[in-house]
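Raw contents of upload03.cif, mmCIF, C-alpha atoms:
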```
data_start
#
loop_
_atom_site.label_atom_id
_atom_site.label_comp_id
_atom_site.auth_asym_id
_atom_site.auth_seq_id
_atom_site.Cartn_x
_atom_site.Cartn_y
_atom_site.Cartn_z
CA MET A 516 -18.37 41.86 -69.19
CA ALA A 517 -19.20 45.42 -68.21
CA PHE A 518 -22.21 45.29 -70.53
CA PHE A 519 -23.85 42.79 -68.18
CA ARG A 520 -23.16 44.87 -65.09
CA LEU A 521 -25.25 47.87 -65.99
CA PRO A 522 -27.53 49.30 -63.27
CA TYR A 523 -30.91 47.54 -63.03
CA SER A 524 -32.79 50.73 -63.90
CA SER A 525 -30.85 51.31 -67.13
CA VAL A 526 -31.43 47.69 -68.13
CA TRP A 527 -35.15 47.96 -67.40
CA LEU A 528 -35.42 51.15 -69.46
CA PHE A 529 -33.63 49.54 -72.40
CA LEU A 530 -35.86 46.45 -72.18
CA VAL A 531 -39.06 48.50 -72.17
CA VAL A 532 -37.99 50.82 -75.00
CA SER A 533 -36.79 47.91 -77.16
CA SER A 534 -40.08 46.06 -76.54
CA VAL A 535 -42.09 49.03 -77.78
CA VAL A 536 -39.76 49.60 -80.75
CA GLY A 537 -39.87 45.90 -81.63
CA ALA A 538 -43.68 45.89 -81.63
CA TRP A 539 -43.75 49.11 -83.66
CA ILE A 540 -41.33 47.72 -86.31
CA THR A 541 -43.67 44.83 -87.12
CA GLN A 542 -46.60 47.21 -87.59
CA VAL A 543 -44.89 49.62 -90.01
CA THR A 544 -42.52 47.52 -92.07
CA PHE A 545 -43.06 46.49 -95.69
CA HIS A 546 -41.00 43.30 -95.35
CA PRO A 547 -42.52 41.12 -92.62
CA THR A 548 -39.86 38.38 -92.67
CA TRP A 549 -36.96 40.73 -92.04
CA ALA A 550 -38.97 42.65 -89.46
CA THR A 551 -39.66 39.40 -87.61
CA SER A 552 -35.98 38.42 -87.75
CA LEU A 553 -35.03 41.82 -86.36
CA VAL A 554 -37.64 41.52 -83.61
CA LEU A 555 -36.34 38.05 -82.71
CA LEU A 556 -32.79 39.40 -82.55
CA ILE A 557 -33.96 42.24 -80.29
CA ALA A 558 -35.72 39.62 -78.14
CA SER A 559 -32.46 37.64 -77.89
CA LEU A 560 -30.58 40.75 -76.79
CA LYS A 561 -33.25 41.31 -74.17
CA VAL A 562 -32.92 37.71 -72.97
CA ALA A 563 -29.14 38.22 -72.74
CA LEU A 564 -29.68 41.35 -70.67
CA VAL A 565 -32.15 39.65 -68.33
CA MET A 566 -29.77 36.71 -67.87
CA GLY A 567 -26.66 38.85 -67.58
CA CYS A 568 -27.97 41.63 -65.33
CA PHE A 569 -31.17 40.62 -63.54
CA MET A 570 -30.09 36.98 -63.10
CA GLU A 571 -26.52 38.21 -62.39
CA LEU A 572 -24.81 35.76 -64.70
CA GLY A 573 -22.59 38.65 -65.79
CA SER A 574 -20.87 38.64 -62.43
CA ALA A 575 -20.38 34.85 -62.30
CA PRO A 576 -17.06 33.28 -63.34
CA GLY A 577 -16.68 32.66 -67.08
CA ARG A 578 -17.00 28.89 -66.93
CA TRP A 579 -20.44 29.26 -65.33
CA GLN A 580 -21.55 31.71 -67.99
CA TRP A 581 -20.65 29.63 -71.04
CA PRO A 582 -23.49 27.07 -70.94
CA PHE A 583 -26.00 29.92 -70.87
CA VAL A 584 -24.25 31.96 -73.56
CA PHE A 585 -24.10 28.84 -75.74
CA TRP A 586 -27.78 28.13 -75.11
CA LEU A 587 -28.72 31.70 -76.00
CA ILE A 588 -26.72 31.71 -79.24
CA ALA A 589 -28.13 28.30 -80.20
CA VAL A 590 -31.75 29.29 -79.61
CA THR A 591 -31.35 32.65 -81.34
CA ALA A 592 -29.78 31.00 -84.37
CA LEU A 593 -32.51 28.37 -84.34
CA LEU A 594 -35.29 30.95 -84.27
CA VAL A 595 -33.89 33.44 -86.76
CA VAL A 596 -32.47 30.95 -89.26
CA GLY A 597 -35.49 28.71 -88.74
CA PHE A 598 -37.85 31.56 -89.44
CA ILE A 599 -36.09 32.69 -92.61
CA VAL A 600 -35.24 29.28 -94.07
CA ILE A 601 -38.12 26.99 -93.13
CA MET D 1481 -21.37 43.48 -55.94
CA SER D 1482 -19.36 40.51 -54.79
CA THR D 1483 -19.85 37.38 -56.86
CA VAL D 1484 -18.53 35.01 -54.26
CA MET D 1485 -20.76 34.91 -51.24
CA GLN D 1486 -20.87 32.76 -48.21
CA ALA D 1487 -23.71 30.29 -47.70
CA GLY D 1488 -22.70 28.51 -44.56
CA LYS D 1489 -19.17 27.37 -45.34
CA ARG D 1490 -19.76 26.77 -49.04
CA GLU D 1491 -18.45 29.14 -51.67
CA ARG D 1492 -21.18 30.19 -54.11
CA LEU D 1493 -20.59 31.25 -57.66
CA LEU D 1494 -24.13 31.85 -58.88
CA PRO D 1495 -27.06 33.48 -57.07
CA GLY D 1496 -29.53 31.09 -55.43
CA LEU D 1497 -29.56 27.30 -55.34
CA ASN D 1498 -27.48 25.50 -57.94
CA GLY D 1499 -30.57 23.36 -58.60
CA ILE D 1500 -32.56 26.35 -59.83
CA TRP D 1501 -29.98 26.86 -62.59
CA VAL D 1502 -30.36 23.25 -63.70
CA PHE D 1503 -34.12 23.80 -63.71
CA VAL D 1504 -33.71 27.03 -65.73
CA ILE D 1505 -31.59 25.36 -68.41
CA LEU D 1506 -33.98 22.38 -68.66
CA ASP D 1507 -37.12 24.52 -68.73
CA LEU D 1508 -35.68 26.87 -71.35
CA THR D 1509 -34.64 23.90 -73.47
CA PHE D 1510 -38.13 22.46 -73.16
CA PHE D 1511 -39.59 25.74 -74.42
CA ALA D 1512 -36.97 25.91 -77.20
CA VAL D 1513 -38.26 22.57 -78.52
CA PHE D 1514 -41.79 24.00 -78.42
CA PHE D 1515 -40.59 27.08 -80.35
CA LEU D 1516 -39.04 24.86 -83.02
CA SER D 1517 -42.24 22.80 -83.33
CA TYR D 1518 -44.18 26.06 -83.68
CA LEU D 1519 -41.87 27.29 -86.49
CA LEU D 1520 -42.09 23.96 -88.32
CA GLU D 1521 -45.88 23.88 -88.09
CA ARG D 1522 -46.06 27.53 -89.09
CA ALA D 1523 -43.94 26.88 -92.19
CA SER D 1524 -46.48 24.39 -93.50
CA ARG D 1525 -49.50 26.65 -92.84
CA VAL D 1526 -48.25 30.23 -93.20
CA GLU D 1527 -51.58 31.67 -94.37
CA LEU D 1528 -53.56 30.03 -91.58
CA PHE D 1529 -51.06 31.18 -88.94
CA ASN D 1530 -50.97 34.76 -90.27
CA THR D 1531 -54.75 35.00 -90.44
CA SER D 1532 -55.24 33.51 -86.98
CA GLN D 1533 -52.54 35.76 -85.55
CA GLU D 1534 -54.53 38.84 -86.59
CA SER D 1535 -57.11 38.03 -83.92
CA LEU D 1536 -54.51 38.35 -81.15
CA ASN D 1537 -54.42 41.54 -79.14
CA VAL D 1538 -50.88 42.93 -79.72
CA PRO D 1539 -51.28 45.97 -77.40
CA LEU D 1540 -52.32 43.67 -74.53
CA GLY D 1541 -49.37 41.36 -75.22
CA LEU D 1542 -47.05 44.38 -75.19
CA ILE D 1543 -48.58 45.70 -71.96
CA ASN D 1544 -48.03 42.27 -70.42
CA MET D 1545 -44.42 42.39 -71.57
CA ILE D 1546 -43.86 45.75 -69.86
CA VAL D 1547 -45.70 44.52 -66.75
CA LEU D 1548 -43.44 41.46 -66.44
CA LEU D 1549 -40.25 43.42 -67.18
CA THR D 1550 -41.17 45.94 -64.49
CA SER D 1551 -42.01 43.15 -62.05
CA SER D 1552 -38.61 41.57 -62.75
CA TRP D 1553 -36.94 44.93 -62.14
CA PHE D 1554 -38.68 45.27 -58.77
CA VAL D 1555 -37.60 41.77 -57.75
CA ALA D 1556 -33.99 42.43 -58.81
CA MET D 1557 -34.03 45.59 -56.66
CA ALA D 1558 -35.59 43.62 -53.78
CA VAL D 1559 -32.62 41.22 -53.86
CA ALA D 1560 -30.24 44.20 -53.75
CA ALA D 1561 -32.24 45.73 -50.88
CA VAL D 1562 -32.02 42.52 -48.79
CA ARG D 1563 -28.26 42.35 -49.41
CA GLU D 1564 -28.02 45.88 -48.02
CA ALA D 1565 -30.18 44.79 -45.05
CA GLN D 1566 -33.02 47.14 -46.12
CA THR D 1567 -35.72 44.59 -45.32
CA ARG D 1568 -38.69 46.98 -45.30
CA ARG D 1569 -37.79 48.31 -48.73
CA ALA D 1570 -37.35 44.75 -49.99
CA VAL D 1571 -40.81 43.78 -48.72
CA ARG D 1572 -42.40 46.74 -50.54
CA LEU D 1573 -40.55 45.84 -53.75
CA LEU D 1574 -41.52 42.18 -53.47
CA TYR D 1575 -45.20 43.06 -53.02
CA ALA D 1576 -44.94 45.43 -55.99
CA GLY D 1577 -43.34 42.68 -58.08
CA ALA D 1578 -46.01 40.16 -57.07
CA GLY D 1579 -48.73 42.76 -57.70
CA LEU D 1580 -47.54 43.24 -61.26
CA GLY D 1581 -47.45 39.46 -61.65
CA ALA D 1582 -51.11 39.48 -60.65
CA VAL D 1583 -51.80 42.18 -63.26
CA PHE D 1584 -50.22 39.89 -65.88
CA VAL D 1585 -52.51 37.06 -64.76
CA LEU D 1586 -55.61 39.25 -65.00
CA ILE D 1587 -54.71 40.53 -68.47
CA LYS D 1588 -53.99 37.00 -69.67
CA LEU D 1589 -57.29 35.74 -68.26
CA PHE D 1590 -59.06 38.60 -70.05
CA GLU D 1591 -57.35 37.58 -73.30
CA TYR D 1592 -58.39 33.93 -72.84
CA PHE D 1593 -61.95 34.99 -72.02
CA GLU D 1594 -62.02 37.29 -75.08
CA LYS D 1595 -61.00 34.39 -77.32
CA LEU D 1596 -63.32 31.81 -75.78
CA GLN D 1597 -66.24 34.22 -75.97
CA VAL D 1598 -66.00 34.40 -79.78
CA GLY D 1599 -65.64 30.64 -80.03
CA ILE D 1600 -61.85 30.46 -80.36
CA SER D 1601 -60.36 27.56 -78.42
CA PRO D 1602 -57.29 25.28 -78.63
CA LEU D 1603 -59.34 23.08 -80.96
CA THR D 1604 -60.01 25.87 -83.47
CA ASN D 1605 -56.83 25.27 -85.47
CA GLU D 1606 -53.10 24.51 -85.13
CA PHE D 1607 -52.16 28.12 -84.43
CA PHE D 1608 -54.53 28.39 -81.49
CA MET D 1609 -53.45 24.99 -80.22
CA PHE D 1610 -49.90 26.42 -79.97
CA TYR D 1611 -51.13 29.78 -78.67
CA PHE D 1612 -53.19 28.29 -75.83
CA SER D 1613 -50.73 25.56 -74.86
CA LEU D 1614 -47.61 27.75 -74.87
CA THR D 1615 -49.20 30.72 -73.12
CA PHE D 1616 -51.06 28.54 -70.60
CA PHE D 1617 -47.88 26.66 -69.72
CA HIS D 1618 -46.19 30.03 -69.21
CA PHE D 1619 -49.25 31.24 -67.26
CA LEU D 1620 -48.79 28.33 -64.81
CA HIS D 1621 -45.16 29.39 -64.33
CA VAL D 1622 -46.38 32.90 -63.47
CA LEU D 1623 -48.86 31.53 -60.91
CA VAL D 1624 -46.12 29.52 -59.17
CA GLY D 1625 -43.83 32.57 -59.16
CA LEU D 1626 -46.61 34.72 -57.71
CA LEU D 1627 -47.14 32.32 -54.81
CA VAL D 1628 -43.42 32.14 -54.08
CA LEU D 1629 -42.91 35.93 -54.21
CA THR D 1630 -45.93 36.60 -51.97
CA ARG D 1631 -44.81 33.99 -49.45
CA LEU D 1632 -41.28 35.40 -49.37
CA ALA D 1633 -42.61 38.94 -48.89
CA ARG D 1634 -44.76 37.78 -45.96
CA ARG D 1635 -41.87 35.91 -44.36
CA TYR D 1636 -39.53 38.89 -44.66
CA GLN D 1637 -42.31 41.11 -43.29
CA ALA D 1638 -42.78 38.77 -40.33
CA GLY D 1639 -39.06 38.92 -39.60
CA LEU D 1640 -38.51 35.21 -40.21
CA TYR D 1641 -35.26 35.92 -42.08
CA ARG D 1642 -32.36 37.72 -40.51
CA PRO D 1643 -31.21 40.95 -42.25
CA GLY D 1644 -29.09 40.19 -45.28
CA GLN D 1645 -30.30 36.59 -45.59
CA VAL D 1646 -30.88 36.41 -49.32
CA TYR D 1647 -30.34 32.81 -50.45
CA GLY D 1648 -34.02 31.85 -50.87
CA LEU D 1649 -34.93 35.18 -52.40
CA GLU D 1650 -32.12 34.87 -54.95
CA THR D 1651 -33.48 31.46 -55.96
CA ALA D 1652 -37.01 32.85 -56.36
CA ALA D 1653 -35.66 35.85 -58.28
CA VAL D 1654 -33.79 33.65 -60.76
CA TYR D 1655 -37.02 31.71 -61.36
CA TRP D 1656 -39.03 34.92 -61.79
CA HIS D 1657 -36.54 36.36 -64.30
CA MET D 1658 -36.77 33.10 -66.25
CA VAL D 1659 -40.57 33.53 -66.40
CA ASP D 1660 -39.97 37.04 -67.71
CA LEU D 1661 -37.50 35.99 -70.40
CA LEU D 1662 -39.83 33.22 -71.59
CA TRP D 1663 -42.44 35.87 -72.31
CA ILE D 1664 -39.76 37.93 -74.09
CA MET D 1665 -39.47 35.06 -76.59
CA LEU D 1666 -43.14 34.03 -76.63
CA PHE D 1667 -44.50 37.48 -77.39
CA PRO D 1668 -42.66 38.10 -80.70
CA LEU D 1669 -43.11 34.49 -81.81
CA LEU D 1670 -46.85 34.28 -81.21
CA TYR D 1671 -48.01 37.87 -81.60
CA MET D 1672 -45.63 39.46 -84.10
CA ALA D 1673 -43.87 36.87 -86.31
CA ARG D 1674 -45.22 37.22 -89.84
#
```

Show this structure as structure tokens.
Amino acid sequence: MAFFRLPYSSVWLFLVVSSVVGAWITQVTFHPTWATSLVLLIASLKVALVMGCFMELGSAPGRWQWPFVFWLIAVTALLVVGFIVI
Amino acid sequence: MSTVMQAGKRERLLPGLNGIWVFVILDLTFFAVFFLSYLLERASRVELFNTSQESLNVPLGLINMIVLLTSSWFVAMAVAAVREAQTRRAVRLLYAGAGLGAVFVLIKLFEYFEKLQVGISPLTNEFFMFYFSLTFFHFLHVLVGLLVLTRLARRYQAGLYRPGQVYGLETAAVYWHMVDLLWIMLFPLLYMAR
């Protein structure tokens, strides 16, 4: 996927900006649960970017990517659903 | 960038040793179980967790996040530099990456010291038990990564690897990125989840 083949510098910039925005969201929101869910989703996107670009999974053949994609989706679902439901 | 590289006569599909990827999946799964335990424990003591969380230093956690992300970026660029046979640039980037890892360690030690000084320890309550155990386990990962990055930088500097030889560095880089992404999950869970 082209998304996972972005230049390292663009990825780094996105990761830093989304970290600051994520932290800011939790400080200003009136609904902490949804803010936390949003922050966890942002964190999952960041993990996907680190795995895809920095770890170069994005350039590996599809069959090598699937275990990691599956793991990422499973953990994200676990955290977000777990946080809202539990 | 070519995805299929030669390592001796063997065709490689992922960067670094295959074993490091097994380690990454297992380590991440181990942490995922910890995250689930944290959420379950949190659900039964929401007030306690929210109150305890207020004593954490969010700006320092965020600074540490940016420090690790930047360190990861440097290491990713070091791998690219070695592939292009720019060894001197790679050495500078590796030292910069390791230096930022050291900054993370210092900030984390300061945070631990700050907590212990006011009498907060892993025995204070369940939240701090999770906080100290999760972050300290991650802290140990950072220390190992720091040693590996520094050693690699010294070996490249000493000319012990031929130009373009990147196999070991790729393995270390995958590990270091994993350390980074663990903090990406730990920071919102421990510092920001309300």

Take the PyMOL selection byres ((chain A) within 8 of (chain D)), run it mentally on this structure, and tell me the resulting residues as number ranges by chain. A: 523-524, 527, 530-531, 534-535, 538, 541, 547-548, 551, 554-555, 558-559, 561-562, 565-566, 569-572, 574-576, 579, 583, 590, 593-594, 597-598, 601

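One distance worth recording is that between CA of Leu521 in chain A and CA of Pro1643 in chain D, which is 25.4 Å.
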
Where does the PyMOL selection byres ((chain D and resi 1605) around 12) land in this file, that is, which residues does it pick, as an MDAnalysis selection string? chainID D and resid 1521:1522 1525 1528:1529 1531:1533 1599:1604 1606:1612

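CA of Asn1498 in chain D is found 19.5 Å from CA of Gly1644 in chain D.
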
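For the pair CA of Gln1597 in chain D and CA of Leu1540 in chain D, the separation is 16.9 Å.
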
The PyMOL selection byres ((chain D and resi 1575) around 9) applied to the shown file, residues as a PyMOL selection string: chain D and resi 1554+1570-1574+1576-1580+1629-1630+1633-1634

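Among D:Val1562, D:Val1628, D:Leu1497, D:Leu1623, the residue with the shortest atom-to-atom distance to Ala1582 in chain D, counting only C-alpha atoms, is D:Leu1623.
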
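Closest approach to Ala1561 in chain D from the set D:Phe1584, D:Phe1593, D:Phe1616, D:Tyr1636 is made by D:Tyr1636, with distances taken over all atoms listed in the file.
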
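Closest approach to Glu1591 in chain D among D:Leu1548, D:Val1622, D:Leu1614, D:Leu1536 is made by D:Leu1536 (distances from only C-alpha atoms).
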
Can I get a file of range 559-592 of chain A from the given structure, N, CA and C atoms kept, as a tab-separated table (two decimals), in the first residue's frame?
```
chain	number	residue	atom	x	y	z
A	559	SER	N	-3.41	3.78	17.43
A	559	SER	CA	-3.36	2.60	16.56
A	559	SER	C	-2.90	2.98	15.16
A	560	LEU	N	-3.35	4.13	14.68
A	560	LEU	CA	-2.90	4.60	13.37
A	560	LEU	C	-1.40	4.86	13.39
A	561	LYS	N	-0.94	5.41	14.51
A	561	LYS	CA	0.50	5.66	14.64
A	561	LYS	C	1.29	4.35	14.65
A	562	VAL	N	0.74	3.35	15.38
A	562	VAL	CA	1.41	2.04	15.40
A	562	VAL	C	1.47	1.47	13.98
A	563	ALA	N	0.35	1.61	13.24
A	563	ALA	CA	0.32	1.11	11.86
A	563	ALA	C	1.38	1.80	11.01
A	564	LEU	N	1.54	3.11	11.22
A	564	LEU	CA	2.54	3.85	10.45
A	564	LEU	C	3.96	3.43	10.80
A	565	VAL	N	4.21	3.23	12.10
A	565	VAL	CA	5.55	2.80	12.53
A	565	VAL	C	5.84	1.42	11.95
A	566	MET	N	4.85	0.51	12.04
A	566	MET	CA	5.06	-0.84	11.49
A	566	MET	C	5.21	-0.79	9.97
A	567	GLY	N	4.32	-0.05	9.32
A	567	GLY	CA	4.31	-0.03	7.86
A	567	GLY	C	5.51	0.66	7.26
A	568	CYS	N	5.88	1.83	7.82
A	568	CYS	CA	6.95	2.63	7.21
A	568	CYS	C	8.31	2.40	7.87
A	569	PHE	N	8.41	2.69	9.17
A	569	PHE	CA	9.72	2.56	9.82
A	569	PHE	C	10.19	1.10	9.83
A	570	MET	N	9.27	0.18	10.14
A	570	MET	CA	9.65	-1.24	10.17
A	570	MET	C	9.61	-1.86	8.78
A	571	GLU	N	9.10	-1.11	7.81
A	571	GLU	CA	9.11	-1.51	6.39
A	571	GLU	C	8.24	-2.70	6.07
A	572	LEU	N	7.22	-2.92	6.90
A	572	LEU	CA	6.28	-4.01	6.58
A	572	LEU	C	5.50	-3.69	5.32
A	573	GLY	N	5.33	-2.39	5.05
A	573	GLY	CA	4.56	-1.97	3.87
A	573	GLY	C	5.17	-2.45	2.57
A	574	SER	N	6.49	-2.71	2.58
A	574	SER	CA	7.11	-3.15	1.34
A	574	SER	C	7.32	-4.66	1.31
A	575	ALA	N	6.85	-5.36	2.34
A	575	ALA	CA	6.96	-6.82	2.36
A	575	ALA	C	5.77	-7.43	1.60
A	576	PRO	N	5.91	-8.66	1.12
A	576	PRO	CA	4.78	-9.30	0.43
A	576	PRO	C	3.57	-9.41	1.35
A	577	GLY	N	2.37	-9.40	0.75
A	577	GLY	CA	1.13	-9.39	1.51
A	577	GLY	C	1.03	-10.46	2.57
A	578	ARG	N	1.46	-11.67	2.26
A	578	ARG	CA	1.28	-12.77	3.22
A	578	ARG	C	2.12	-12.55	4.48
A	579	TRP	N	3.18	-11.77	4.38
A	579	TRP	CA	3.99	-11.45	5.55
A	579	TRP	C	3.37	-10.31	6.36
A	580	GLN	N	2.55	-9.52	5.68
A	580	GLN	CA	1.94	-8.37	6.38
A	580	GLN	C	0.74	-8.78	7.22
A	581	TRP	N	0.00	-9.81	6.75
A	581	TRP	CA	-1.28	-10.12	7.37
A	581	TRP	C	-1.24	-10.42	8.87
A	582	PRO	N	-0.27	-11.21	9.35
A	582	PRO	CA	-0.27	-11.46	10.80
A	582	PRO	C	-0.19	-10.16	11.61
A	583	PHE	N	0.58	-9.21	11.09
A	583	PHE	CA	0.75	-7.95	11.82
A	583	PHE	C	-0.49	-7.07	11.72
A	584	VAL	N	-1.09	-7.05	10.52
A	584	VAL	CA	-2.32	-6.28	10.34
A	584	VAL	C	-3.41	-6.86	11.24
A	585	PHE	N	-3.49	-8.18	11.28
A	585	PHE	CA	-4.50	-8.84	12.12
A	585	PHE	C	-4.26	-8.50	13.59
A	586	TRP	N	-2.99	-8.58	13.99
A	586	TRP	CA	-2.65	-8.27	15.39
A	586	TRP	C	-3.07	-6.84	15.73
A	587	LEU	N	-2.77	-5.92	14.83
A	587	LEU	CA	-3.06	-4.51	15.07
A	587	LEU	C	-4.56	-4.26	15.21
A	588	ILE	N	-5.33	-4.86	14.29
A	588	ILE	CA	-6.79	-4.69	14.34
A	588	ILE	C	-7.33	-5.30	15.64
A	589	ALA	N	-6.81	-6.49	16.00
A	589	ALA	CA	-7.30	-7.17	17.21
A	589	ALA	C	-7.02	-6.33	18.45
A	590	VAL	N	-5.81	-5.81	18.56
A	590	VAL	CA	-5.46	-5.05	19.76
A	590	VAL	C	-6.22	-3.73	19.81
A	591	THR	N	-6.37	-3.08	18.65
A	591	THR	CA	-7.12	-1.82	18.62
A	591	THR	C	-8.56	-2.06	19.06
A	592	ALA	N	-9.17	-3.10	18.49
A	592	ALA	CA	-10.55	-3.41	18.86
A	592	ALA	C	-10.64	-3.72	20.35
```
